[in-house]
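*Asks:* Just dropping this structure here.
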Amino acid sequence: VIFFHMELEYIQGGFVGVDVFFVISGYLITSIILKEYNNSTFTLLNFWLRRIRRILPALSIMILTTLIISIFLLYSDERKFLGVHALTSIFSIANIQMWLLSNEYWGPQADSLHLLHTWSLSVEEQFYFIYPIICLFFLKKSKNYLALTTIVTSLLGFILFSYFSQKHPNAAFYLMPSRFWELSIGCSLALYQPVL
């Protein structure tokens, strides 16, 4: 991903790194949920609070640093837009903002968006809000139900992604439903591993 963003001609396909990141993320989160559920220590509130404590401090420092630097480098209108983008990043909806902007002909280009990279974090955080609820629902029935659900979700999600990537490529790239299948693959892999 780093070499891809350095625009080296012989390094192509850096976007695949994001796909791999989503699979790994789904795997790790499912592993954590399973371990805590089996130890009877898992709660939704604790899960979400841990995510906030892990992500928000670093994200806030990065955004604050970017906003301070923007005072010296950007015009007033650009700073206002950056402020809006900062808020969407903090509230984990930057991916939705990117999708809306990418459909606007006169909107800013991706390479001029200083917080563009926060779109993938927003996808991940949206997933982390929904997925633990799904986990709890199916784990109360059986781990096998959850495993079957993640496999079906991966297949259906891939079909959704394939459709949207042809008809609505910006939505397929930025929005969580069309990325769910990648995260769900990681979840499926974790469910077939022994719980530590």
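Identifiers for the structure tokens are assigned positionally: chains receive A, B, ... in sequence, residues are indexed from 1 per chain, and ligands are indexed from 1 in the order shown.
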Report as JSON lines the residues of region 66-160 of chain A within 10 Å of region 51-55 of chain A, each with its shortest atom pair and distance in Å (one decimal), using only C-alpha atoms, ordered by chain and increasing residue number.
*Replies:*
```
{"residue": "A:Ile90", "atom": "CA", "partner": "A:Ile55", "partner_atom": "CA", "distance": 9.6}
{"residue": "A:Leu121", "atom": "CA", "partner": "A:Ile55", "partner_atom": "CA", "distance": 9.1}
{"residue": "A:Glu125", "atom": "CA", "partner": "A:Arg51", "partner_atom": "CA", "distance": 8.3}
{"residue": "A:Tyr128", "atom": "CA", "partner": "A:Arg51", "partner_atom": "CA", "distance": 8.3}
{"residue": "A:Phe129", "atom": "CA", "partner": "A:Arg51", "partner_atom": "CA", "distance": 9.7}
```
*Asks:* Can I get the selection written as a CSV table (one decimal), in the first residue's frame, with N, CA and C atoms?
*Replies:*
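Writing done, so here's selection23.csv:
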```csv
chain,number,residue,atom,x,y,z
A,90,ILE,N,-14.4,11.5,12.8
A,90,ILE,CA,-14.6,11.3,14.3
A,90,ILE,C,-15.9,10.4,14.5
A,121,LEU,N,-11.4,3.3,8.0
A,121,LEU,CA,-11.7,3.2,9.4
A,121,LEU,C,-13.2,3.3,9.7
A,125,GLU,N,-15.4,0.7,11.6
A,125,GLU,CA,-16.2,1.0,12.8
A,125,GLU,C,-17.7,0.7,12.7
A,128,TYR,N,-18.0,-2.9,13.2
A,128,TYR,CA,-17.9,-3.2,14.7
A,128,TYR,C,-19.1,-2.8,15.5
A,129,PHE,N,-19.9,-1.9,15.0
A,129,PHE,CA,-21.2,-1.6,15.7
A,129,PHE,C,-22.2,-2.7,15.4
```
*Asks:* Residues within 9 Å of Leu191 (chain A), please, as a ChimeraX atom specification. Count only C-alpha atoms; anything in the same chain fewer than 2 positions from it doesn't count.
*Replies:* /A:27,30-31,34,143-144,146-147,150,186-189,193-195
*Asks:* As an exercise, work out the distance from CA of Glu7 (chain A) to CA of Ile63 (chain A) in Å and give it to one decimal place.
*Replies:* 24.5 Å
*Asks:* Could you tell me which of A:Trp99, A:Phe15, A:Tyr37, A:Phe3 comes closest to Phe137 (chain A) if we count only C-alpha atoms?
*Replies:* A:Tyr37
*Asks:* What is the distance, in Å and to one decimal place, between CA of Ala94 (chain A) and CA of Gln126 (chain A)?
*Replies:*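 These two atoms are separated by 10.7 Å.
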*Asks:* Neighbouring residues of region 66-74 of chain A were defined as those with any atom within 8 Å, considering only C-alpha atoms; residues of the same chain fewer than 4 positions away were excluded. Please report them as a list in words.
*Replies:*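 Skipping anything fewer than 4 positions along the chain leaves Met62, Glu78, Arg79, Leu82, Gly83 and His114 of chain A.
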*Asks:* Contacts of Thr43 (chain A) at 10 Å or less, counting only C-alpha atoms, minus same-chain residues fewer than 2 places along, as a VMD selection string?
*Replies:* chain A and resid 33 36 to 37 40 to 41 45 to 48 132 to 133 136
*Asks:* Store the residues picked out above in a file with C-alpha atoms, as an mmCIF file, in the first residue's frame.
*Replies:*
```cif
data_model
loop_
_atom_site.group_PDB
_atom_site.id
_atom_site.type_symbol
_atom_site.label_atom_id
_atom_site.label_comp_id
_atom_site.auth_asym_id
_atom_site.auth_seq_id
_atom_site.Cartn_x
_atom_site.Cartn_y
_atom_site.Cartn_z
ATOM 1 C CA ILE A 33 -15.485 -11.966 20.720
ATOM 2 C CA GLU A 36 -14.615 -13.446 25.718
ATOM 3 C CA TYR A 37 -17.954 -15.119 25.014
ATOM 4 C CA SER A 40 -18.541 -15.321 29.882
ATOM 5 C CA THR A 41 -16.867 -11.883 29.913
ATOM 6 C CA LEU A 45 -20.791 -2.023 26.009
ATOM 7 C CA ASN A 46 -17.281 -3.143 26.967
ATOM 8 C CA PHE A 47 -16.556 -4.118 23.371
ATOM 9 C CA TRP A 48 -17.611 -0.727 22.012
ATOM 10 C CA PRO A 132 -21.160 -7.974 17.698
ATOM 11 C CA ILE A 133 -24.959 -7.790 17.871
ATOM 12 C CA LEU A 136 -24.488 -12.456 20.245
#
```
*Asks:* Do you know which residues are at most 10 Å from region 174-181 of chain A counting only C-alpha atoms, after dropping those on the same chain fewer than 4 positions away, and could you put them as a ChimeraX atom specification?
*Replies:* /A:19,22-23,26,93-100,102,119-120,122-127,131,150-165,169-170,185-187
*Asks:* Mind giving me the straight-line distance from CA of Tyr192 (chain A) to CA of Arg50 (chain A) in Å, one decimal?
*Replies:*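 For CA of Tyr192 (chain A) relative to CA of Arg50 (chain A), the distance reads 24.8 Å.
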